[in-house]
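*Asks:* My structure is stored as structure11.pdb, with PDB, C-alpha atoms.
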```
ATOM      1  CA  MET Q 166     -61.634  41.333   6.950
ATOM      2  CA  VAL Q 167     -62.836  43.978   9.369
ATOM      3  CA  ASP Q 168     -66.217  45.650   9.721
ATOM      4  CA  VAL Q 169     -67.207  49.107   8.440
ATOM      5  CA  VAL Q 170     -65.721  51.002  11.384
ATOM      6  CA  GLY Q 171     -62.448  49.105  11.019
ATOM      7  CA  HIS Q 172     -62.290  49.840   7.289
ATOM      8  CA  LEU Q 173     -62.834  53.545   7.856
ATOM      9  CA  GLY Q 174     -60.195  53.530  10.588
ATOM     10  CA  MET Q 175     -57.705  51.786   8.304
ATOM     11  CA  ALA Q 176     -58.413  54.383   5.589
ATOM     12  CA  LEU Q 177     -57.706  57.171   8.076
ATOM     13  CA  LEU Q 178     -54.419  55.538   9.068
ATOM     14  CA  TRP Q 179     -53.314  55.123   5.451
ATOM     15  CA  LEU Q 180     -54.158  58.780   4.742
ATOM     16  CA  VAL Q 181     -51.877  60.104   7.529
ATOM     17  CA  PRO Q 182     -48.826  60.700   5.258
ATOM     18  CA  ALA Q 183     -50.768  63.488   3.527
ATOM     19  CA  TRP Q 184     -50.043  65.719   6.521
ATOM     20  CA  PHE Q 185     -46.332  65.535   5.757
ATOM     21  CA  ILE Q 186     -46.538  65.692   1.952
ATOM     22  CA  LEU Q 187     -49.125  68.377   1.248
ATOM     23  CA  ASP Q 188     -48.019  71.929   1.879
ATOM     24  CA  ARG Q 189     -50.992  73.269   3.858
ATOM     25  CA  PRO Q 190     -52.890  71.781   6.793
ATOM     26  CA  LYS Q 191     -56.234  72.709   5.210
ATOM     27  CA  THR Q 192     -55.247  70.954   1.980
ATOM     28  CA  ALA Q 193     -54.212  67.845   3.901
ATOM     29  CA  ALA Q 194     -57.498  67.962   5.842
ATOM     30  CA  THR Q 195     -59.408  68.188   2.551
ATOM     31  CA  PHE Q 196     -57.496  65.178   1.246
ATOM     32  CA  VAL Q 197     -58.044  63.094   4.389
ATOM     33  CA  LEU Q 198     -61.739  63.911   4.608
ATOM     34  CA  SER Q 199     -62.266  63.241   0.900
ATOM     35  CA  GLY Q 200     -60.365  59.971   1.102
ATOM     36  CA  PHE Q 201     -62.225  58.862   4.219
ATOM     37  CA  LEU Q 202     -65.395  58.755   2.130
ATOM     38  CA  PHE Q 203     -63.889  56.016  -0.050
ATOM     39  CA  GLY Q 204     -62.825  53.658   2.728
ATOM     40  CA  MET Q 205     -65.622  51.265   1.777
ATOM     41  CA  LEU Q 206     -65.109  51.436  -2.012
ATOM     42  CA  PRO Q 207     -64.284  47.737  -2.689
ATOM     43  CA  ASP Q 208     -67.476  46.714  -0.903
ATOM     44  CA  VAL Q 209     -69.421  48.070  -3.866
ATOM     45  CA  ASP Q 210     -69.511  44.380  -4.775
ATOM     46  CA  LEU Q 211     -72.106  43.848  -2.034
ATOM     47  CA  PHE Q 212     -74.513  46.101  -3.941
ATOM     48  CA  LEU Q 213     -73.564  44.937  -7.418
ATOM     49  CA  ARG Q 214     -74.101  41.268  -6.653
ATOM     50  CA  GLY Q 215     -77.784  42.068  -6.183
ATOM     51  CA  VAL Q 216     -77.864  43.137  -9.833
ATOM     52  CA  PHE Q 217     -75.238  40.739 -11.197
ATOM     53  CA  PRO Q 218     -75.430  37.389  -9.364
ATOM     54  CA  THR Q 219     -72.008  36.305 -10.658
ATOM     55  CA  ILE Q 220     -70.234  39.012  -8.645
ATOM     56  CA  LYS Q 221     -68.964  37.687  -5.335
ATOM     57  CA  HIS Q 222     -67.893  39.518  -2.216
ATOM     58  CA  HIS Q 223     -64.089  39.684  -1.945
ATOM     59  CA  GLY Q 224     -63.859  38.980  -5.638
ATOM     60  CA  ILE Q 225     -62.601  41.214  -8.397
ATOM     61  CA  PHE Q 226     -63.508  44.476  -6.612
ATOM     62  CA  HIS Q 227     -61.097  43.542  -3.809
ATOM     63  CA  THR Q 228     -58.045  43.622  -6.088
ATOM     64  CA  VAL Q 229     -55.355  46.235  -6.619
ATOM     65  CA  LEU Q 230     -56.241  46.232 -10.325
ATOM     66  CA  VAL Q 231     -59.907  47.146  -9.906
ATOM     67  CA  VAL Q 232     -59.262  49.614  -7.078
ATOM     68  CA  THR Q 233     -56.793  51.343  -9.419
ATOM     69  CA  ILE Q 234     -59.314  51.373 -12.278
ATOM     70  CA  LEU Q 235     -62.051  52.736 -10.014
ATOM     71  CA  ALA Q 236     -59.681  55.432  -8.716
ATOM     72  CA  ALA Q 237     -58.754  56.346 -12.294
ATOM     73  CA  VAL Q 238     -62.445  56.784 -13.137
ATOM     74  CA  ILE Q 239     -63.808  58.276  -9.896
ATOM     75  CA  GLY Q 240     -60.704  60.195  -8.783
ATOM     76  CA  PRO Q 241     -60.706  62.871 -11.480
ATOM     77  CA  ILE Q 242     -64.403  63.473 -10.772
ATOM     78  CA  VAL Q 243     -63.594  63.904  -7.082
ATOM     79  CA  GLY Q 244     -60.790  66.300  -8.019
ATOM     80  CA  TRP Q 245     -63.085  68.308 -10.284
ATOM     81  CA  ILE Q 246     -65.777  68.515  -7.559
ATOM     82  CA  LEU Q 247     -63.199  69.698  -5.023
ATOM     83  CA  GLU Q 248     -61.828  72.249  -7.476
ATOM     84  CA  GLU Q 249     -65.310  73.593  -8.212
ATOM     85  CA  ALA Q 250     -66.356  73.646  -4.573
ATOM     86  CA  LEU Q 251     -63.144  75.049  -3.110
ATOM     87  CA  SER Q 252     -61.679  77.299  -5.802
ATOM     88  CA  GLY Q 253     -61.018  80.755  -4.449
ATOM     89  CA  SER Q 254     -60.682  79.469  -0.895
ATOM     90  CA  ASP Q 255     -57.488  78.641   0.927
ATOM     91  CA  TRP Q 256     -58.440  74.977   1.353
ATOM     92  CA  LEU Q 257     -56.611  73.865  -1.774
ATOM     93  CA  SER Q 258     -52.996  74.915  -2.056
ATOM     94  CA  PRO Q 259     -51.421  75.692  -5.435
ATOM     95  CA  GLN Q 260     -49.688  72.311  -5.101
ATOM     96  CA  ALA Q 261     -53.081  70.540  -5.037
ATOM     97  CA  GLU Q 262     -54.776  72.803  -7.577
ATOM     98  CA  GLY Q 263     -51.921  72.196 -10.019
ATOM     99  CA  ASN Q 264     -52.634  68.472  -9.965
ATOM    100  CA  ILE Q 265     -56.260  68.266  -8.894
ATOM    101  CA  TYR Q 266     -56.986  65.093 -10.863
ATOM    102  CA  GLY Q 267     -54.017  63.305  -9.283
ATOM    103  CA  PHE Q 268     -55.186  64.635  -5.917
ATOM    104  CA  GLY Q 269     -58.609  63.063  -6.541
ATOM    105  CA  PHE Q 270     -57.094  59.818  -7.815
ATOM    106  CA  LEU Q 271     -55.014  59.381  -4.657
ATOM    107  CA  ALA Q 272     -57.949  60.354  -2.422
ATOM    108  CA  VAL Q 273     -59.850  57.376  -3.876
ATOM    109  CA  TRP Q 274     -56.974  54.942  -4.454
ATOM    110  CA  ILE Q 275     -55.288  55.040  -1.020
ATOM    111  CA  PRO Q 276     -58.401  54.223   1.044
ATOM    112  CA  GLY Q 277     -59.418  51.604  -1.541
ATOM    113  CA  LEU Q 278     -56.089  49.833  -1.055
ATOM    114  CA  ALA Q 279     -56.393  50.253   2.715
ATOM    115  CA  HIS Q 280     -59.731  48.449   2.529
ATOM    116  CA  VAL Q 281     -58.230  45.520   0.632
ATOM    117  CA  PHE Q 282     -55.366  45.304   3.134
ATOM    118  CA  ALA Q 283     -57.781  45.397   6.080
ATOM    119  CA  ASP Q 284     -59.703  42.487   4.570
ATOM    120  CA  MET Q 285     -56.461  40.524   4.427
ATOM    121  CA  LEU Q 286     -56.074  40.801   8.213
ATOM    122  CA  SER Q 287     -58.418  37.936   8.975
ATOM    123  CA  ALA Q 288     -59.039  34.451   7.796
ATOM    124  CA  PRO Q 289     -62.134  34.007   5.651
ATOM    125  CA  ASP Q 290     -64.408  33.409   8.628
ATOM    126  CA  ILE Q 291     -67.651  34.718   7.117
ATOM    127  CA  ALA Q 292     -66.568  35.696   3.593
ATOM    128  CA  GLU Q 293     -64.317  34.529   0.793
ATOM    129  CA  ALA Q 294     -60.564  35.036   1.055
ATOM    130  CA  VAL Q 295     -59.078  38.047  -0.729
ATOM    131  CA  GLU Q 296     -56.898  37.644  -3.832
ATOM    132  CA  PRO Q 297     -55.501  41.204  -3.982
ATOM    133  CA  PHE Q 298     -53.005  40.672  -6.809
ATOM    134  CA  TRP Q 299     -55.382  38.953  -9.232
ATOM    135  CA  PRO Q 300     -54.856  38.338 -12.191
ATOM    136  CA  ILE Q 301     -51.056  38.269 -11.723
ATOM    137  CA  TYR Q 302     -51.085  36.164  -8.555
ATOM    138  CA  GLN Q 303     -54.233  34.092  -8.191
ATOM    139  CA  GLN Q 304     -53.861  32.949  -4.611
ATOM    140  CA  SER Q 305     -55.569  34.290  -1.530
ATOM    141  CA  LEU Q 306     -53.443  36.297   0.850
ATOM    142  CA  GLY Q 307     -54.306  36.628   4.493
ATOM    143  CA  ILE Q 308     -52.532  37.422   7.690
ATOM    144  CA  ASP Q 309     -55.197  36.018  10.063
ATOM    145  CA  ILE Q 310     -54.713  38.300  13.048
ATOM    146  CA  VAL Q 311     -58.270  39.434  13.716
ATOM    147  CA  TRP Q 312     -61.816  38.129  13.825
ATOM    148  CA  TYR Q 313     -64.326  40.150  11.760
ATOM    149  CA  ASN Q 314     -66.540  41.263  14.644
ATOM    150  CA  ASN Q 315     -63.752  42.044  17.100
ATOM    151  CA  PRO Q 316     -64.925  45.403  18.500
ATOM    152  CA  TRP Q 317     -61.570  46.162  20.135
ATOM    153  CA  PHE Q 318     -59.722  45.862  16.862
ATOM    154  CA  ASN Q 319     -62.328  47.619  14.702
ATOM    155  CA  TRP Q 320     -62.992  50.504  17.063
ATOM    156  CA  GLY Q 321     -59.287  50.624  17.917
ATOM    157  CA  LEU Q 322     -58.455  51.236  14.239
ATOM    158  CA  PHE Q 323     -61.139  53.898  13.994
ATOM    159  CA  VAL Q 324     -60.183  55.746  17.178
ATOM    160  CA  ALA Q 325     -56.479  55.507  16.325
ATOM    161  CA  GLY Q 326     -57.165  56.923  12.844
ATOM    162  CA  ILE Q 327     -59.173  59.834  14.212
ATOM    163  CA  LEU Q 328     -56.765  60.627  17.046
ATOM    164  CA  LEU Q 329     -53.700  60.441  14.827
ATOM    165  CA  ASN Q 330     -55.191  62.692  12.152
ATOM    166  CA  VAL Q 331     -56.573  65.216  14.649
ATOM    167  CA  GLY Q 332     -53.294  65.215  16.577
ATOM    168  CA  ILE Q 333     -51.199  65.777  13.470
ATOM    169  CA  TYR Q 334     -53.614  68.462  12.247
ATOM    170  CA  TYR Q 335     -53.227  70.254  15.565
ATOM    171  CA  TYR Q 336     -49.451  69.887  15.427
ATOM    172  CA  VAL Q 337     -49.030  71.149  11.856
ATOM    173  CA  SER Q 338     -51.528  73.956  12.368
ATOM    174  CA  HIS Q 339     -49.729  75.244  15.439
ATOM    175  CA  SER Q 340     -46.149  74.587  14.406
ATOM    176  CA  ASN Q 341     -43.674  77.414  14.038
ATOM    177  CA  GLY Q 342     -42.650  76.130  10.603
ATOM    178  CA  SER Q 343     -39.414  74.514  11.751
ATOM    179  CA  THR Q 344     -40.048  71.244   9.891
ATOM    180  CA  THR Q 345     -40.870  70.313   6.318
ATOM    181  CA  GLY Q 346     -44.027  69.381   4.469
ATOM    182  CA  ALA Q 347     -47.408  70.615   5.602
ATOM    183  CA  VAL Q 348     -45.893  72.225   8.672
ATOM    184  CA  ALA Q 349     -43.963  74.781   6.642
ATOM    185  CA  THR Q 350     -46.874  76.961   5.517
ATOM    186  CA  GLU Q 351     -50.498  77.660   6.312
TER     187      GLU Q 351
END
```
As structure tokens - that is how I would like this structure written.
*Replies:*
Amino acid sequence: MVDVVGHLGMALLWLVPAWFILDRPKTAATFVLSGFLFGMLPDVDLFLRGVFPTIKHHGIFHTVLVVTILAAVIGPIVGWILEEALSGSDWLSPQAEGNIYGFGFLAVWIPGLAHVFADMLSAPDIAEAVEPFWPIYQQSLGIDIVWYNNPWFNWGLFVAGILLNVGIYYYVSHSNGSTTGAVATE
């Protein structure tokens, strides 16, 4: 389990492949920035437990199943909003516009899974352990390599995520088109 900054950094790191899959740098930037907003998605349980006392932190909302369900519900809405807001601009490539609901799904799903993985990186020091594969595998999984409030790790993830994304954006935006993926076209 990492703090907010660490979760957002992990989301940024997990969103990096978009730069090599999507066919325009602006489309990849749209995807990364949209996905970044969902880096804290599983922690919706912190708000919901105020309304429903039976909901626990690191419970059902910190599972692959529920992150997938939330992405299936929220993702198409995100895709629709992006389509409405960016249609007619060059921010969404035909590749993204042709599958805008899948684009939205992945922009929610990837950072949601990154959040669950980040929570597995520490022992349950101040919160319950994570059972990411519930209901199929009902055991907690943890790697125990970081303490929750470790500023070096949390800020390191965040800075690494920002630097990597900005660096790749710069590279693909200024490339001569000699490689594949997002580098090939603008």
*Asks:* Kindly indicate which residue among Q:Tyr336, Q:Tyr266, Q:Trp179, Q:Phe226 lies nearest to Phe201 of chain Q, using all atoms listed in the file for the distances.
*Replies:* Q:Trp179
*Asks:* If you count all atoms listed in the file, which residues fall within 7 Å of segment 302-314 of chain Q, apart from same-chain ones fewer than 5 positions away, as a short mmCIF file (atom, residue, chain, number, x, y, z; two decimals) with C-alpha atoms, keeping the file's coordinate frame?
*Replies:*
```cif
data_model
loop_
_atom_site.label_atom_id
_atom_site.label_comp_id
_atom_site.auth_asym_id
_atom_site.auth_seq_id
_atom_site.Cartn_x
_atom_site.Cartn_y
_atom_site.Cartn_z
CA MET Q 166 -61.63 41.33 6.95
CA VAL Q 167 -62.84 43.98 9.37
CA ASP Q 168 -66.22 45.65 9.72
CA MET Q 285 -56.46 40.52 4.43
CA LEU Q 286 -56.07 40.80 8.21
CA SER Q 287 -58.42 37.94 8.98
CA ALA Q 288 -59.04 34.45 7.80
CA ALA Q 294 -60.56 35.04 1.06
CA VAL Q 295 -59.08 38.05 -0.73
CA GLU Q 296 -56.90 37.64 -3.83
#
```
*Asks:* To one decimal in Å, tell me the separation between atom CA of Pro182 of chain Q and atom CA of Ile265 of chain Q.
*Replies:* 17.7 Å
*Asks:* Report, in Å with one decimal, the straight-line distance from atom CA of Lys191 of chain Q to atom CA of Leu178 of chain Q.
*Replies:*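 Going from atom CA of Lys191 of chain Q over to atom CA of Leu178 of chain Q, I get 17.7 Å.
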*Asks:* Around all of segment 176-187 of chain Q's listed atoms, make the axis-aligned box with 8 Å on each side and tell me centre and edge lengths in Å to one decimal, as AutoDock Vina command-line options.
*Replies:*
```
--center_x -52.4 --center_y 61.4 --center_z 5.2 --size_x 28.1 --size_y 30.0 --size_z 23.8
```
*Asks:* Atom CA of Ala193 of chain Q and atom CA of Tyr334 of chain Q, how far apart in Å?
*Replies:*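 A separation of 8.4 Å between them.
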*Asks:* Using the partial input, fill out segment 215-237 of chain Q with N, CA, C and O atoms; write the result as a JSON list (two decimals), in the frame of the given file.
*Replies:*
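What ended up in result_4.json:
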```json
[["chain", "number", "residue", "atom", "x", "y", "z"],
["Q", 215, "GLY", "N", -76.33, 42.10, -6.12],
["Q", 215, "GLY", "CA", -77.78, 42.07, -6.18],
["Q", 215, "GLY", "C", -78.29, 42.23, -7.61],
["Q", 215, "GLY", "O", -79.36, 41.75, -7.96],
["Q", 216, "VAL", "N", -77.51, 42.92, -8.43],
["Q", 216, "VAL", "CA", -77.86, 43.14, -9.83],
["Q", 216, "VAL", "C", -77.24, 42.07, -10.73],
["Q", 216, "VAL", "O", -77.86, 41.58, -11.66],
["Q", 217, "PHE", "N", -75.99, 41.73, -10.42],
["Q", 217, "PHE", "CA", -75.24, 40.74, -11.20],
["Q", 217, "PHE", "C", -74.88, 39.58, -10.27],
["Q", 217, "PHE", "O", -73.90, 39.65, -9.53],
["Q", 218, "PRO", "N", -75.64, 38.49, -10.30],
["Q", 218, "PRO", "CA", -75.43, 37.39, -9.36],
["Q", 218, "PRO", "C", -74.04, 36.73, -9.45],
["Q", 218, "PRO", "O", -73.63, 36.05, -8.51],
["Q", 219, "THR", "N", -73.33, 36.93, -10.54],
["Q", 219, "THR", "CA", -72.01, 36.30, -10.66],
["Q", 219, "THR", "C", -70.93, 37.06, -9.88],
["Q", 219, "THR", "O", -69.83, 36.52, -9.68],
["Q", 220, "ILE", "N", -71.21, 38.25, -9.43],
["Q", 220, "ILE", "CA", -70.23, 39.01, -8.64],
["Q", 220, "ILE", "C", -70.24, 38.48, -7.22],
["Q", 220, "ILE", "O", -71.30, 38.33, -6.60],
["Q", 221, "LYS", "N", -69.06, 38.19, -6.70],
["Q", 221, "LYS", "CA", -68.96, 37.69, -5.34],
["Q", 221, "LYS", "C", -68.23, 38.69, -4.45],
["Q", 221, "LYS", "O", -67.41, 39.48, -4.92],
["Q", 222, "HIS", "N", -68.58, 38.66, -3.18],
["Q", 222, "HIS", "CA", -67.89, 39.52, -2.22],
["Q", 222, "HIS", "C", -66.46, 39.03, -2.07],
["Q", 222, "HIS", "O", -66.20, 37.83, -2.03],
["Q", 223, "HIS", "N", -65.53, 39.95, -2.00],
["Q", 223, "HIS", "CA", -64.09, 39.68, -1.94],
["Q", 223, "HIS", "C", -63.58, 39.13, -3.26],
["Q", 223, "HIS", "O", -62.54, 38.47, -3.29],
["Q", 224, "GLY", "N", -64.29, 39.40, -4.31],
["Q", 224, "GLY", "CA", -63.86, 38.98, -5.64],
["Q", 224, "GLY", "C", -63.05, 40.06, -6.31],
["Q", 224, "GLY", "O", -62.17, 40.68, -5.71],
["Q", 225, "ILE", "N", -63.38, 40.32, -7.55],
["Q", 225, "ILE", "CA", -62.60, 41.21, -8.40],
["Q", 225, "ILE", "C", -62.51, 42.65, -7.85],
["Q", 225, "ILE", "O", -61.51, 43.34, -8.04],
["Q", 226, "PHE", "N", -63.53, 43.11, -7.15],
["Q", 226, "PHE", "CA", -63.51, 44.48, -6.61],
["Q", 226, "PHE", "C", -62.54, 44.63, -5.43],
["Q", 226, "PHE", "O", -62.23, 45.75, -5.03],
["Q", 227, "HIS", "N", -62.08, 43.52, -4.90],
["Q", 227, "HIS", "CA", -61.10, 43.54, -3.81],
["Q", 227, "HIS", "C", -59.70, 43.23, -4.35],
["Q", 227, "HIS", "O", -58.94, 42.48, -3.73],
["Q", 228, "THR", "N", -59.37, 43.79, -5.50],
["Q", 228, "THR", "CA", -58.04, 43.62, -6.09],
["Q", 228, "THR", "C", -57.41, 44.99, -6.33],
["Q", 228, "THR", "O", -58.11, 45.99, -6.51],
["Q", 229, "VAL", "N", -56.09, 45.00, -6.34],
["Q", 229, "VAL", "CA", -55.36, 46.24, -6.62],
["Q", 229, "VAL", "C", -55.73, 46.76, -8.01],
["Q", 229, "VAL", "O", -55.90, 47.97, -8.20],
["Q", 230, "LEU", "N", -55.91, 45.84, -8.95],
["Q", 230, "LEU", "CA", -56.24, 46.23, -10.32],
["Q", 230, "LEU", "C", -57.55, 47.02, -10.38],
["Q", 230, "LEU", "O", -57.60, 48.12, -10.94],
["Q", 231, "VAL", "N", -58.60, 46.49, -9.81],
["Q", 231, "VAL", "CA", -59.91, 47.15, -9.91],
["Q", 231, "VAL", "C", -59.96, 48.40, -9.04],
["Q", 231, "VAL", "O", -60.55, 49.40, -9.45],
["Q", 232, "VAL", "N", -59.32, 48.39, -7.89],
["Q", 232, "VAL", "CA", -59.26, 49.61, -7.08],
["Q", 232, "VAL", "C", -58.56, 50.72, -7.87],
["Q", 232, "VAL", "O", -58.99, 51.88, -7.86],
["Q", 233, "THR", "N", -57.51, 50.37, -8.60],
["Q", 233, "THR", "CA", -56.79, 51.34, -9.42],
["Q", 233, "THR", "C", -57.68, 51.85, -10.56],
["Q", 233, "THR", "O", -57.71, 53.06, -10.83],
["Q", 234, "ILE", "N", -58.40, 50.96, -11.20],
["Q", 234, "ILE", "CA", -59.31, 51.37, -12.28],
["Q", 234, "ILE", "C", -60.41, 52.29, -11.73],
["Q", 234, "ILE", "O", -60.72, 53.33, -12.33],
["Q", 235, "LEU", "N", -61.01, 51.90, -10.61],
["Q", 235, "LEU", "CA", -62.05, 52.74, -10.01],
["Q", 235, "LEU", "C", -61.50, 54.11, -9.63],
["Q", 235, "LEU", "O", -62.17, 55.13, -9.83],
["Q", 236, "ALA", "N", -60.29, 54.15, -9.08],
["Q", 236, "ALA", "CA", -59.68, 55.43, -8.72],
["Q", 236, "ALA", "C", -59.40, 56.28, -9.95],
["Q", 236, "ALA", "O", -59.55, 57.50, -9.93],
["Q", 237, "ALA", "N", -59.02, 55.62, -11.05],
["Q", 237, "ALA", "CA", -58.75, 56.35, -12.29],
["Q", 237, "ALA", "C", -60.03, 56.92, -12.88],
["Q", 237, "ALA", "O", -60.00, 57.96, -13.56]]
```
